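Student: What follows is data-v8.csv, CSV, N, CA and C atoms.
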```csv
chain,number,residue,atom,x,y,z
Y,182,GLY,N,172.7,59.2,-60.1
Y,182,GLY,CA,173.3,59.3,-58.9
Y,182,GLY,C,174.8,59.0,-58.9
Y,183,VAL,N,175.4,58.7,-60.0
Y,183,VAL,CA,176.8,58.4,-60.1
Y,183,VAL,C,177.5,59.4,-61.1
Y,184,ILE,N,178.6,60.0,-60.7
Y,184,ILE,CA,179.4,60.8,-61.5
Y,184,ILE,C,180.7,60.1,-61.7
Y,185,ILE,N,181.2,60.0,-62.9
Y,185,ILE,CA,182.5,59.4,-63.2
Y,185,ILE,C,183.4,60.4,-63.8
Y,186,LEU,N,184.5,60.7,-63.1
Y,186,LEU,CA,185.4,61.6,-63.6
Y,186,LEU,C,186.6,60.9,-64.2
Y,187,VAL,N,187.0,61.3,-65.4
Y,187,VAL,CA,188.1,60.7,-66.1
Y,187,VAL,C,189.0,61.9,-66.5
Y,188,HIS,N,190.2,61.5,-67.0
Y,188,HIS,CA,191.1,62.5,-67.6
Y,188,HIS,C,191.7,61.9,-68.9
Y,189,ASN,N,191.3,62.5,-70.0
Y,189,ASN,CA,191.7,62.0,-71.3
Y,189,ASN,C,191.9,63.1,-72.2
Y,190,ASP,N,193.1,63.4,-72.6
Y,190,ASP,CA,193.4,64.6,-73.5
Y,190,ASP,C,193.0,64.3,-74.9
Y,191,ALA,N,192.9,63.0,-75.3
Y,191,ALA,CA,192.8,62.6,-76.7
Y,191,ALA,C,191.3,62.5,-77.2
Y,192,ALA,N,190.3,62.4,-76.3
Y,192,ALA,CA,189.0,62.2,-76.6
Y,192,ALA,C,188.0,63.2,-75.9
Y,193,ALA,N,186.9,63.4,-76.5
Y,193,ALA,CA,185.9,64.3,-75.8
Y,193,ALA,C,185.5,63.7,-74.5
Y,194,PHE,N,185.2,62.4,-74.4
Y,194,PHE,CA,184.9,61.7,-73.2
Y,194,PHE,C,186.0,60.7,-72.9
Y,195,LEU,N,185.9,59.6,-73.7
Y,195,LEU,CA,186.8,58.5,-73.6
Y,195,LEU,C,187.0,57.8,-74.9
Y,196,PRO,N,188.2,57.2,-75.2
Y,196,PRO,CA,188.3,56.4,-76.4
Y,196,PRO,C,187.4,55.2,-76.3
Y,197,GLU,N,187.1,54.6,-77.4
Y,197,GLU,CA,186.1,53.6,-77.5
Y,197,GLU,C,186.4,52.4,-76.6
Y,198,ASN,N,187.7,52.0,-76.6
Y,198,ASN,CA,188.1,50.8,-75.8
Y,198,ASN,C,187.9,51.1,-74.3
Y,199,GLU,N,188.2,52.3,-73.8
Y,199,GLU,CA,188.0,52.6,-72.4
Y,199,GLU,C,186.5,52.8,-72.1
Y,200,LEU,N,185.8,53.3,-73.0
Y,200,LEU,CA,184.3,53.4,-72.8
Y,200,LEU,C,183.7,52.1,-72.7
Y,201,ASN,N,184.1,51.1,-73.5
Y,201,ASN,CA,183.5,49.8,-73.5
Y,201,ASN,C,183.9,49.1,-72.1
Y,202,PHE,N,185.1,49.3,-71.7
Y,202,PHE,CA,185.6,48.8,-70.4
Y,202,PHE,C,184.7,49.4,-69.3
Y,203,LEU,N,184.5,50.7,-69.3
Y,203,LEU,CA,183.7,51.4,-68.3
Y,203,LEU,C,182.2,50.8,-68.4
Y,204,LEU,N,181.7,50.6,-69.5
Y,204,LEU,CA,180.4,50.0,-69.6
Y,204,LEU,C,180.3,48.7,-69.0
Y,205,GLY,N,181.3,47.9,-69.1
Y,205,GLY,CA,181.4,46.6,-68.4
Y,205,GLY,C,181.4,46.7,-66.9
Y,206,ILE,N,182.1,47.7,-66.4
Y,206,ILE,CA,182.1,48.0,-65.0
Y,206,ILE,C,180.8,48.4,-64.5
Y,207,LEU,N,180.1,49.3,-65.2
Y,207,LEU,CA,178.8,49.8,-64.9
Y,207,LEU,C,177.8,48.6,-64.9
Y,208,SER,N,177.9,47.8,-65.9
Y,208,SER,CA,177.0,46.6,-66.0
Y,208,SER,C,177.2,45.7,-64.8
Y,209,ALA,N,178.4,45.4,-64.4
Y,209,ALA,CA,178.7,44.6,-63.3
Y,209,ALA,C,178.1,45.2,-62.0
Y,210,CYS,N,177.9,46.5,-62.0
Y,210,CYS,CA,177.3,47.2,-60.8
Y,210,CYS,C,175.8,47.4,-61.0
Y,211,HIS,N,175.3,46.7,-62.0
Y,211,HIS,CA,173.8,46.8,-62.3
Y,211,HIS,C,173.4,48.3,-62.7
Y,212,LEU,N,174.3,48.9,-63.4
Y,212,LEU,CA,174.1,50.3,-63.8
Y,212,LEU,C,174.3,50.4,-65.3
Y,213,THR,N,173.7,51.5,-65.9
Y,213,THR,CA,174.0,51.8,-67.3
Y,213,THR,C,174.5,53.2,-67.4
Y,214,LEU,N,174.7,53.7,-68.6
Y,214,LEU,CA,175.1,55.1,-68.8
Y,214,LEU,C,174.0,56.0,-68.4
Y,215,GLU,N,172.8,55.6,-68.4
Y,215,GLU,CA,171.7,56.4,-68.0
Y,215,GLU,C,171.8,56.7,-66.5
Y,216,ASP,N,172.4,55.8,-65.7
Y,216,ASP,CA,172.6,56.0,-64.3
Y,216,ASP,C,173.8,56.8,-63.9
Y,217,ALA,N,174.6,57.1,-64.9
Y,217,ALA,CA,175.9,57.8,-64.6
Y,217,ALA,C,176.2,58.9,-65.6
Y,218,GLY,N,176.9,59.9,-65.1
Y,218,GLY,CA,177.4,60.9,-65.9
Y,218,GLY,C,178.9,60.9,-66.0
Y,219,ILE,N,179.5,61.1,-67.2
Y,219,ILE,CA,180.9,61.0,-67.4
Y,219,ILE,C,181.4,62.4,-67.6
Y,220,ILE,N,182.4,62.9,-66.9
Y,220,ILE,CA,183.0,64.2,-67.1
Y,220,ILE,C,184.5,64.0,-67.3
Y,221,ASN,N,184.9,64.5,-68.5
Y,221,ASN,CA,186.4,64.4,-68.8
Y,221,ASN,C,187.0,65.7,-68.2
Y,222,MET,N,187.8,65.5,-67.2
Y,222,MET,CA,188.4,66.7,-66.5
Y,222,MET,C,189.4,67.4,-67.4
Y,223,ALA,N,189.9,66.7,-68.4
Y,223,ALA,CA,190.9,67.3,-69.3
Y,223,ALA,C,190.2,68.4,-70.2
Y,224,LYS,N,188.9,68.2,-70.4
Y,224,LYS,CA,188.1,69.2,-71.2
Y,224,LYS,C,187.2,70.1,-70.3
Y,225,ASN,N,187.1,69.8,-69.0
Y,225,ASN,CA,186.2,70.6,-68.2
Y,225,ASN,C,186.9,70.9,-66.9
Y,226,THR,N,187.9,71.7,-66.9
Y,226,THR,CA,188.7,72.0,-65.8
Y,226,THR,C,188.0,72.8,-64.7
Y,227,ALA,N,186.9,73.4,-65.0
Y,227,ALA,CA,186.2,74.3,-64.1
Y,227,ALA,C,185.4,73.6,-63.0
Y,228,PHE,N,185.2,72.3,-63.2
Y,228,PHE,CA,184.4,71.5,-62.3
Y,228,PHE,C,185.2,71.3,-61.0
Y,229,ASN,N,184.5,71.4,-59.9
Y,229,ASN,CA,185.1,71.1,-58.6
Y,229,ASN,C,184.1,70.5,-57.7
Y,230,TYR,N,184.5,70.1,-56.5
Y,230,TYR,CA,183.5,69.3,-55.7
Y,230,TYR,C,182.3,70.2,-55.2
Y,231,TYR,N,182.5,71.5,-55.2
Y,231,TYR,CA,181.4,72.4,-54.8
Y,231,TYR,C,180.3,72.2,-55.9
Y,232,TYR,N,180.7,72.2,-57.1
Y,232,TYR,CA,179.7,72.0,-58.2
Y,232,TYR,C,178.9,70.7,-58.0
Y,233,PHE,N,179.7,69.6,-57.7
Y,233,PHE,CA,179.0,68.3,-57.6
Y,233,PHE,C,178.0,68.3,-56.4
Y,234,GLU,N,178.4,69.0,-55.3
Y,234,GLU,CA,177.5,69.1,-54.2
Y,234,GLU,C,176.2,69.9,-54.4
Y,235,LYS,N,176.4,71.0,-55.2
Y,235,LYS,CA,175.3,72.0,-55.3
Y,235,LYS,C,174.5,71.8,-56.6
Y,236,GLU,N,175.1,71.5,-57.7
Y,236,GLU,CA,174.5,71.6,-59.0
Y,236,GLU,C,174.1,70.2,-59.6
Y,237,ILE,N,174.7,69.2,-59.2
Y,237,ILE,CA,174.4,67.9,-59.8
Y,237,ILE,C,173.9,66.9,-58.7
Y,238,VAL,N,172.8,66.3,-59.0
Y,238,VAL,CA,172.2,65.3,-58.0
Y,238,VAL,C,173.0,64.0,-58.1
Y,239,ALA,N,173.9,63.9,-57.2
Y,239,ALA,CA,174.8,62.7,-57.2
Y,239,ALA,C,174.9,62.2,-55.8
Y,240,GLU,N,175.2,60.9,-55.7
Y,240,GLU,CA,175.4,60.3,-54.4
Y,240,GLU,C,176.9,59.7,-54.4
Y,241,LYS,N,177.4,59.3,-55.6
Y,241,LYS,CA,178.7,58.7,-55.6
Y,241,LYS,C,179.5,59.4,-56.7
Y,242,ILE,N,180.8,59.6,-56.5
Y,242,ILE,CA,181.7,60.2,-57.4
Y,242,ILE,C,182.9,59.3,-57.5
Y,243,ILE,N,183.1,58.7,-58.7
Y,243,ILE,CA,184.3,57.8,-58.9
Y,243,ILE,C,185.3,58.6,-59.8
Y,244,LEU,N,186.5,58.6,-59.3
Y,244,LEU,CA,187.6,59.3,-60.0
Y,244,LEU,C,188.5,58.3,-60.7
Y,245,PHE,N,188.6,58.2,-62.0
Y,245,PHE,CA,189.5,57.3,-62.7
Y,245,PHE,C,190.6,58.2,-63.2
Y,246,GLY,N,191.8,58.0,-62.6
Y,246,GLY,CA,193.0,58.8,-63.0
Y,246,GLY,C,192.9,60.3,-62.7
Y,247,VAL,N,192.0,60.6,-61.8
Y,247,VAL,CA,191.9,62.0,-61.4
Y,247,VAL,C,192.1,62.1,-59.9
Y,248,ALA,N,193.0,62.9,-59.4
Y,248,ALA,CA,193.3,63.0,-58.0
Y,248,ALA,C,192.3,63.9,-57.3
Y,249,PRO,N,191.9,63.5,-56.1
Y,249,PRO,CA,191.0,64.3,-55.3
Y,249,PRO,C,191.3,65.8,-55.3
Y,250,ALA,N,192.6,66.2,-55.3
Y,250,ALA,CA,192.9,67.6,-55.3
Y,250,ALA,C,192.5,68.3,-56.6
Y,251,THR,N,192.4,67.6,-57.7
Y,251,THR,CA,192.0,68.1,-59.0
Y,251,THR,C,190.6,68.8,-58.9
Y,252,ILE,N,189.7,68.2,-58.1
Y,252,ILE,CA,188.4,68.8,-58.0
Y,252,ILE,C,188.3,69.6,-56.7
Y,253,GLU,N,189.5,70.0,-56.1
Y,253,GLU,CA,189.6,70.8,-54.9
Y,253,GLU,C,188.9,70.3,-53.7
Y,254,LEU,N,188.9,68.9,-53.6
Y,254,LEU,CA,188.4,68.3,-52.4
Y,254,LEU,C,189.3,68.8,-51.2
Y,255,PRO,N,188.7,69.2,-50.1
Y,255,PRO,CA,189.6,69.6,-49.0
Y,255,PRO,C,190.1,68.5,-48.1
Y,256,LEU,N,190.2,67.3,-48.7
Y,256,LEU,CA,190.7,66.2,-48.0
Y,256,LEU,C,191.5,65.3,-49.0
Y,257,SER,N,192.4,64.5,-48.5
Y,257,SER,CA,193.2,63.6,-49.4
Y,257,SER,C,192.9,62.2,-48.9
Y,258,PHE,N,192.8,61.3,-49.9
Y,258,PHE,CA,192.7,59.9,-49.6
Y,258,PHE,C,193.3,59.1,-50.7
Y,259,PRO,N,193.8,57.9,-50.3
Y,259,PRO,CA,194.5,57.1,-51.3
Y,259,PRO,C,193.6,56.4,-52.3
Y,260,PRO,N,194.1,55.9,-53.4
Y,260,PRO,CA,193.2,55.0,-54.3
Y,260,PRO,C,192.7,53.9,-53.5
Y,261,TYR,N,191.5,53.5,-53.9
Y,261,TYR,CA,190.7,52.3,-53.4
Y,261,TYR,C,190.3,52.5,-51.9
Y,262,GLN,N,190.3,53.7,-51.4
Y,262,GLN,CA,189.7,54.0,-50.1
Y,262,GLN,C,188.3,54.7,-50.4
Y,263,VAL,N,187.3,54.0,-50.0
Y,263,VAL,CA,185.9,54.6,-50.1
Y,263,VAL,C,185.8,55.7,-49.1
Y,264,GLN,N,185.5,56.9,-49.6
Y,264,GLN,CA,185.6,58.1,-48.7
Y,264,GLN,C,184.3,58.8,-48.7
Y,265,ALA,N,183.7,59.0,-47.6
Y,265,ALA,CA,182.4,59.8,-47.4
Y,265,ALA,C,182.8,61.2,-47.1
Y,266,TYR,N,182.1,62.1,-47.7
Y,266,TYR,CA,182.4,63.5,-47.4
Y,266,TYR,C,181.1,64.3,-47.9
Y,267,ASN,N,180.6,65.1,-46.9
Y,267,ASN,CA,179.4,65.9,-47.2
Y,267,ASN,C,178.3,65.2,-48.0
Y,268,ASN,N,177.9,64.1,-47.5
Y,268,ASN,CA,176.8,63.3,-48.0
Y,268,ASN,C,177.1,62.7,-49.4
Y,269,LEU,N,178.3,62.7,-49.8
Y,269,LEU,CA,178.7,62.0,-51.1
Y,269,LEU,C,179.7,60.9,-50.8
Y,270,THR,N,179.8,59.9,-51.6
Y,270,THR,CA,180.8,58.9,-51.5
Y,270,THR,C,181.7,59.0,-52.6
Y,271,TYR,N,183.0,59.1,-52.3
Y,271,TYR,CA,184.1,59.2,-53.3
Y,271,TYR,C,184.9,57.9,-53.4
Y,272,LEU,N,185.4,57.7,-54.6
Y,272,LEU,CA,186.3,56.6,-54.8
Y,272,LEU,C,187.3,57.0,-55.8
Y,273,ALA,N,188.6,57.0,-55.5
Y,273,ALA,CA,189.6,57.3,-56.5
Y,273,ALA,C,190.3,56.0,-56.9
Y,274,ALA,N,190.6,55.9,-58.2
Y,274,ALA,CA,191.2,54.7,-58.8
Y,274,ALA,C,192.1,55.1,-59.9
Y,275,PRO,N,193.0,54.2,-60.3
Y,275,PRO,CA,193.8,54.6,-61.5
Y,275,PRO,C,193.0,54.8,-62.7
Y,276,ALA,N,193.7,55.3,-63.8
Y,276,ALA,CA,193.0,55.6,-65.0
Y,276,ALA,C,192.5,54.2,-65.6
Y,277,LEU,N,191.4,54.3,-66.4
Y,277,LEU,CA,190.8,53.1,-67.0
Y,277,LEU,C,191.8,52.3,-67.8
Y,278,ILE,N,192.7,53.0,-68.5
Y,278,ILE,CA,193.6,52.3,-69.4
Y,278,ILE,C,194.6,51.4,-68.5
Y,279,ILE,N,194.9,51.9,-67.3
Y,279,ILE,CA,195.7,51.1,-66.4
Y,279,ILE,C,194.9,49.9,-65.8
Y,280,LEU,N,193.7,50.1,-65.5
Y,280,LEU,CA,192.9,49.1,-64.9
Y,280,LEU,C,192.6,48.0,-66.0
Y,281,MET,N,192.5,48.4,-67.2
Y,281,MET,CA,192.3,47.4,-68.3
Y,281,MET,C,193.4,46.4,-68.4
Y,282,GLN,N,194.6,46.8,-68.1
Y,282,GLN,CA,195.8,46.0,-68.3
Y,282,GLN,C,196.3,45.3,-67.0
Y,283,ASP,N,195.6,45.5,-65.9
Y,283,ASP,CA,196.2,45.0,-64.6
Y,283,ASP,C,195.1,44.3,-63.8
Y,284,LYS,N,195.1,43.0,-63.8
Y,284,LYS,CA,194.1,42.2,-63.1
Y,284,LYS,C,194.0,42.5,-61.6
Y,285,ALA,N,195.2,42.7,-61.0
Y,285,ALA,CA,195.2,43.0,-59.5
Y,285,ALA,C,194.5,44.3,-59.2
Y,286,GLU,N,194.8,45.3,-60.1
Y,286,GLU,CA,194.1,46.6,-59.9
Y,286,GLU,C,192.6,46.5,-60.1
Y,287,LYS,N,192.2,45.7,-61.1
Y,287,LYS,CA,190.8,45.5,-61.4
Y,287,LYS,C,190.1,44.9,-60.1
Y,288,LEU,N,190.8,43.9,-59.5
Y,288,LEU,CA,190.2,43.3,-58.3
Y,288,LEU,C,190.1,44.3,-57.2
Y,289,LYS,N,191.1,45.1,-57.0
Y,289,LYS,CA,190.9,46.2,-55.9
Y,289,LYS,C,189.7,47.1,-56.2
Y,290,LEU,N,189.6,47.5,-57.5
Y,290,LEU,CA,188.4,48.3,-57.8
Y,290,LEU,C,187.1,47.6,-57.6
Y,291,TRP,N,187.1,46.3,-58.0
Y,291,TRP,CA,185.8,45.5,-57.8
Y,291,TRP,C,185.4,45.4,-56.3
Y,292,ASN,N,186.4,45.2,-55.5
Y,292,ASN,CA,186.1,45.1,-54.0
Y,292,ASN,C,185.5,46.4,-53.5
Y,293,CYS,N,186.0,47.5,-54.0
Y,293,CYS,CA,185.4,48.8,-53.6
Y,293,CYS,C,184.0,49.0,-54.1
Y,294,LEU,N,183.8,48.7,-55.4
Y,294,LEU,CA,182.5,48.8,-56.0
Y,294,LEU,C,181.5,48.0,-55.4
Y,295,LYS,N,181.9,46.8,-55.0
Y,295,LYS,CA,180.9,45.9,-54.2
Y,295,LYS,C,180.4,46.6,-52.9
Y,296,LEU,N,181.4,47.2,-52.3
Y,296,LEU,CA,181.0,47.9,-51.0
Y,296,LEU,C,180.1,49.1,-51.3
Y,297,ILE,N,180.5,49.9,-52.3
Y,297,ILE,CA,179.8,51.2,-52.6
Y,297,ILE,C,178.3,50.9,-53.1
Y,298,PHE,N,178.2,49.8,-53.9
Y,298,PHE,CA,176.9,49.6,-54.6
Y,298,PHE,C,176.1,48.4,-53.9
Y,299,GLY,N,176.7,47.8,-52.8
Y,299,GLY,CA,176.0,46.8,-52.1
Y,299,GLY,C,175.8,45.5,-53.0
Y,300,ILE,N,176.8,45.2,-53.7
Y,300,ILE,CA,176.7,44.0,-54.6
Y,300,ILE,C,177.1,42.8,-53.9
```
Could you rewrite the structure in this file as structure tokens?
Tutor:
Amino acid sequence: GVIILVHNDAAAFLPENELNFLLGILSACHLTLEDAGIINMAKNTAFNYYYFEKEIVAEKIILFGVAPATIELPLSFPPYQVQAYNNLTYLAAPALIILMQDKAEKLKLWNCLKLIFGI
């Protein structure tokens, strides 16, 4: 039910340090990689929100370092604003590498994740 969108030119999905950080985030939300799909938009530019609505069974889409316009969402919203649209919940946040290095940004993300996942 969760799709995670990232943008990383250097790795197929994510570098190991960012993947480990993401696994920690998922664990804090009581999720595993089995509960989430990761799509690297640097490698899969054809994906857009129509695809997520029609082809993938998802309820939540989290964008790390990916702007909503990148997936052709017909609305704009700032980072850390939980946004409902067409029966999906979206959250945009800075890239994982930025979150790893900034405690204040991590706290903003955590507050949103608590809301989204009812933690």
Student: For Phe228 in chain Y, find every residue with an atom within 7 Å (counting all atoms listed in the file), except residues of its own chain fewer than 6 positions away, and show them as a PyMOL selection string.
Tutor: chain Y and resi 251-253
Student: Pick from Y:Val238, Y:Gly205, Y:Gln282, Y:Ala227: nearest to Gly182 in chain Y, with all atoms listed in the file counted?
Tutor: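 Distance minimum relative to Gly182 in chain Y lands on Y:Val238.
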Student: Would you mind telling me which residue in Y:Met222, Y:Leu277, Y:Ala248, Y:Ala209 lies nearest to Leu294 in chain Y when using all atoms listed in the file?
Tutor: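 Of all the options, Y:Ala209 lies closest to Leu294 in chain Y.
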Student: Enter the distance from atom N of Phe202 in chain Y to atom N of Leu214 in chain Y, in Å, rounded to one decimal.
Tutor: 11.7 Å
Student: Please list as JSON, numbers by chain every residue within 5 Å of Ile184 in chain Y, counting only N, CA and C atoms and excluding residues in the same chain fewer than 4 positions away.
Tutor: {"Y": [218, 241, 242, 243]}
Student: Pick from Y:Ile297, Y:Ile279, Y:Leu203, Y:Leu244: nearest to Ala265 in chain Y, with only C-alpha atoms counted?
Tutor: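 Among the listed residues, the smallest separation from Ala265 in chain Y belongs to Y:Ile297.
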Student: So that I can see what lies close to Asp216 in chain Y, please list as a tab-separated table (two decimals) with N, CA and C atoms, in the coordinates of the input the residues with an atom at most 12 Å from it, counting only C-alpha atoms and leaving out residues fewer than 4 positions away in the same chain.
Tutor:
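What landed in part15.tsv:
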```
chain	number	residue	atom	x	y	z
Y	182	GLY	N	172.70	59.20	-60.10
Y	182	GLY	CA	173.30	59.30	-58.90
Y	182	GLY	C	174.80	59.00	-58.90
Y	183	VAL	N	175.40	58.70	-60.00
Y	183	VAL	CA	176.80	58.40	-60.10
Y	183	VAL	C	177.50	59.40	-61.10
Y	184	ILE	N	178.60	60.00	-60.70
Y	184	ILE	CA	179.40	60.80	-61.50
Y	184	ILE	C	180.70	60.10	-61.70
Y	185	ILE	N	181.20	60.00	-62.90
Y	185	ILE	CA	182.50	59.40	-63.20
Y	185	ILE	C	183.40	60.40	-63.80
Y	204	LEU	N	181.70	50.60	-69.50
Y	204	LEU	CA	180.40	50.00	-69.60
Y	204	LEU	C	180.30	48.70	-69.00
Y	207	LEU	N	180.10	49.30	-65.20
Y	207	LEU	CA	178.80	49.80	-64.90
Y	207	LEU	C	177.80	48.60	-64.90
Y	208	SER	N	177.90	47.80	-65.90
Y	208	SER	CA	177.00	46.60	-66.00
Y	208	SER	C	177.20	45.70	-64.80
Y	210	CYS	N	177.90	46.50	-62.00
Y	210	CYS	CA	177.30	47.20	-60.80
Y	210	CYS	C	175.80	47.40	-61.00
Y	211	HIS	N	175.30	46.70	-62.00
Y	211	HIS	CA	173.80	46.80	-62.30
Y	211	HIS	C	173.40	48.30	-62.70
Y	212	LEU	N	174.30	48.90	-63.40
Y	212	LEU	CA	174.10	50.30	-63.80
Y	212	LEU	C	174.30	50.40	-65.30
Y	238	VAL	N	172.80	66.30	-59.00
Y	238	VAL	CA	172.20	65.30	-58.00
Y	238	VAL	C	173.00	64.00	-58.10
Y	239	ALA	N	173.90	63.90	-57.20
Y	239	ALA	CA	174.80	62.70	-57.20
Y	239	ALA	C	174.90	62.20	-55.80
Y	240	GLU	N	175.20	60.90	-55.70
Y	240	GLU	CA	175.40	60.30	-54.40
Y	240	GLU	C	176.90	59.70	-54.40
Y	241	LYS	N	177.40	59.30	-55.60
Y	241	LYS	CA	178.70	58.70	-55.60
Y	241	LYS	C	179.50	59.40	-56.70
```
Student: Hey, can you check how far atom N of Leu200 in chain Y sits from atom C of Tyr266 in chain Y?
Tutor: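 If I compute the distance from atom N of Leu200 in chain Y to atom C of Tyr266 in chain Y, I get 27.8 Å.
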Student: Go through Y:Val247, Y:Ala273, Y:Glu286, Y:Asn229 and flag the residue nearest Pro259 in chain Y, using only N, CA and C atoms for the distances.
Tutor: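 The answer is Y:Ala273, which sits nearest to Pro259 in chain Y.
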Student: Find the residues around Lys224 in chain Y up to 9 Å (only C-alpha atoms counted), leave out those fewer than 5 positions away in its own chain, and share them as a PyMOL selection string.
Tutor: chain Y and resi 188-190+192-194
Student: Just the number, please: distance in Å from CA of Leu256 in chain Y to CA of Thr270 in chain Y, one decimal.
Tutor: 12.8 Å
Student: From the list Y:Tyr230, Y:Ala217, Y:Asn225, Y:Ile206, which residue is nearest Leu269 in chain Y when using only C-alpha atoms?
Tutor: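 Of Y:Tyr230, Y:Ala217, Y:Asn225, Y:Ile206, the one nearest Leu269 in chain Y, counting only C-alpha atoms, is Y:Tyr230.
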Student: Using DSSP on the backbone coordinates, identify all residues within range 188-271 of chain Y classified as alpha helix (DSSP H); present the result as a compact mmCIF listing (two decimals) with N, CA and C atoms, in the frame of the given file.
Tutor:
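out-v5.txt, written as the output of this step:
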```txt
# COMPACT_ATOMS: atom_id res chain seq x y z
N GLU Y 197 187.10 54.60 -77.40
CA GLU Y 197 186.10 53.60 -77.50
C GLU Y 197 186.40 52.40 -76.60
N ASN Y 198 187.70 52.00 -76.60
CA ASN Y 198 188.10 50.80 -75.80
C ASN Y 198 187.90 51.10 -74.30
N GLU Y 199 188.20 52.30 -73.80
CA GLU Y 199 188.00 52.60 -72.40
C GLU Y 199 186.50 52.80 -72.10
N LEU Y 200 185.80 53.30 -73.00
CA LEU Y 200 184.30 53.40 -72.80
C LEU Y 200 183.70 52.10 -72.70
N ASN Y 201 184.10 51.10 -73.50
CA ASN Y 201 183.50 49.80 -73.50
C ASN Y 201 183.90 49.10 -72.10
N PHE Y 202 185.10 49.30 -71.70
CA PHE Y 202 185.60 48.80 -70.40
C PHE Y 202 184.70 49.40 -69.30
N LEU Y 203 184.50 50.70 -69.30
CA LEU Y 203 183.70 51.40 -68.30
C LEU Y 203 182.20 50.80 -68.40
N LEU Y 204 181.70 50.60 -69.50
CA LEU Y 204 180.40 50.00 -69.60
C LEU Y 204 180.30 48.70 -69.00
N GLY Y 205 181.30 47.90 -69.10
CA GLY Y 205 181.40 46.60 -68.40
C GLY Y 205 181.40 46.70 -66.90
N ILE Y 206 182.10 47.70 -66.40
CA ILE Y 206 182.10 48.00 -65.00
C ILE Y 206 180.80 48.40 -64.50
N LEU Y 207 180.10 49.30 -65.20
CA LEU Y 207 178.80 49.80 -64.90
C LEU Y 207 177.80 48.60 -64.90
N SER Y 208 177.90 47.80 -65.90
CA SER Y 208 177.00 46.60 -66.00
C SER Y 208 177.20 45.70 -64.80
N ALA Y 209 178.40 45.40 -64.40
CA ALA Y 209 178.70 44.60 -63.30
C ALA Y 209 178.10 45.20 -62.00
N TYR Y 230 184.50 70.10 -56.50
CA TYR Y 230 183.50 69.30 -55.70
C TYR Y 230 182.30 70.20 -55.20
N TYR Y 231 182.50 71.50 -55.20
CA TYR Y 231 181.40 72.40 -54.80
C TYR Y 231 180.30 72.20 -55.90
N TYR Y 232 180.70 72.20 -57.10
CA TYR Y 232 179.70 72.00 -58.20
C TYR Y 232 178.90 70.70 -58.00
N PHE Y 233 179.70 69.60 -57.70
CA PHE Y 233 179.00 68.30 -57.60
C PHE Y 233 178.00 68.30 -56.40
N GLU Y 234 178.40 69.00 -55.30
CA GLU Y 234 177.50 69.10 -54.20
C GLU Y 234 176.20 69.90 -54.40
N LYS Y 235 176.40 71.00 -55.20
CA LYS Y 235 175.30 72.00 -55.30
C LYS Y 235 174.50 71.80 -56.60
```
Student: Can you list every residue in chain Y that DSSP puts in strand (DSSP E or B), as a compact mmCIF listing (two decimals) with N, CA and C atoms, keeping the file's coordinate frame?
Tutor:
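Below is the file that was written, out26.txt:
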```
# COMPACT_ATOMS: atom_id res chain seq x y z
N VAL Y 183 175.40 58.70 -60.00
CA VAL Y 183 176.80 58.40 -60.10
C VAL Y 183 177.50 59.40 -61.10
N ILE Y 184 178.60 60.00 -60.70
CA ILE Y 184 179.40 60.80 -61.50
C ILE Y 184 180.70 60.10 -61.70
N ILE Y 185 181.20 60.00 -62.90
CA ILE Y 185 182.50 59.40 -63.20
C ILE Y 185 183.40 60.40 -63.80
N LEU Y 186 184.50 60.70 -63.10
CA LEU Y 186 185.40 61.60 -63.60
C LEU Y 186 186.60 60.90 -64.20
N VAL Y 187 187.00 61.30 -65.40
CA VAL Y 187 188.10 60.70 -66.10
C VAL Y 187 189.00 61.90 -66.50
N ALA Y 217 174.60 57.10 -64.90
CA ALA Y 217 175.90 57.80 -64.60
C ALA Y 217 176.20 58.90 -65.60
N GLY Y 218 176.90 59.90 -65.10
CA GLY Y 218 177.40 60.90 -65.90
C GLY Y 218 178.90 60.90 -66.00
N ILE Y 219 179.50 61.10 -67.20
CA ILE Y 219 180.90 61.00 -67.40
C ILE Y 219 181.40 62.40 -67.60
N ILE Y 220 182.40 62.90 -66.90
CA ILE Y 220 183.00 64.20 -67.10
C ILE Y 220 184.50 64.00 -67.30
N ASN Y 221 184.90 64.50 -68.50
CA ASN Y 221 186.40 64.40 -68.80
C ASN Y 221 187.00 65.70 -68.20
N LYS Y 241 177.40 59.30 -55.60
CA LYS Y 241 178.70 58.70 -55.60
C LYS Y 241 179.50 59.40 -56.70
N ILE Y 242 180.80 59.60 -56.50
CA ILE Y 242 181.70 60.20 -57.40
C ILE Y 242 182.90 59.30 -57.50
N ILE Y 243 183.10 58.70 -58.70
CA ILE Y 243 184.30 57.80 -58.90
C ILE Y 243 185.30 58.60 -59.80
N LEU Y 244 186.50 58.60 -59.30
CA LEU Y 244 187.60 59.30 -60.00
C LEU Y 244 188.50 58.30 -60.70
N PHE Y 245 188.60 58.20 -62.00
CA PHE Y 245 189.50 57.30 -62.70
C PHE Y 245 190.60 58.20 -63.20
N GLN Y 264 185.50 56.90 -49.60
CA GLN Y 264 185.60 58.10 -48.70
C GLN Y 264 184.30 58.80 -48.70
N ALA Y 265 183.70 59.00 -47.60
CA ALA Y 265 182.40 59.80 -47.40
C ALA Y 265 182.80 61.20 -47.10
N TYR Y 266 182.10 62.10 -47.70
CA TYR Y 266 182.40 63.50 -47.40
C TYR Y 266 181.10 64.30 -47.90
N LEU Y 269 178.30 62.70 -49.80
CA LEU Y 269 178.70 62.00 -51.10
C LEU Y 269 179.70 60.90 -50.80
N THR Y 270 179.80 59.90 -51.60
CA THR Y 270 180.80 58.90 -51.50
C THR Y 270 181.70 59.00 -52.60
N TYR Y 271 183.00 59.10 -52.30
CA TYR Y 271 184.10 59.20 -53.30
C TYR Y 271 184.90 57.90 -53.40
N LEU Y 272 185.40 57.70 -54.60
CA LEU Y 272 186.30 56.60 -54.80
C LEU Y 272 187.30 57.00 -55.80
N ALA Y 273 188.60 57.00 -55.50
CA ALA Y 273 189.60 57.30 -56.50
C ALA Y 273 190.30 56.00 -56.90
N ALA Y 274 190.60 55.90 -58.20
CA ALA Y 274 191.20 54.70 -58.80
C ALA Y 274 192.10 55.10 -59.90
```
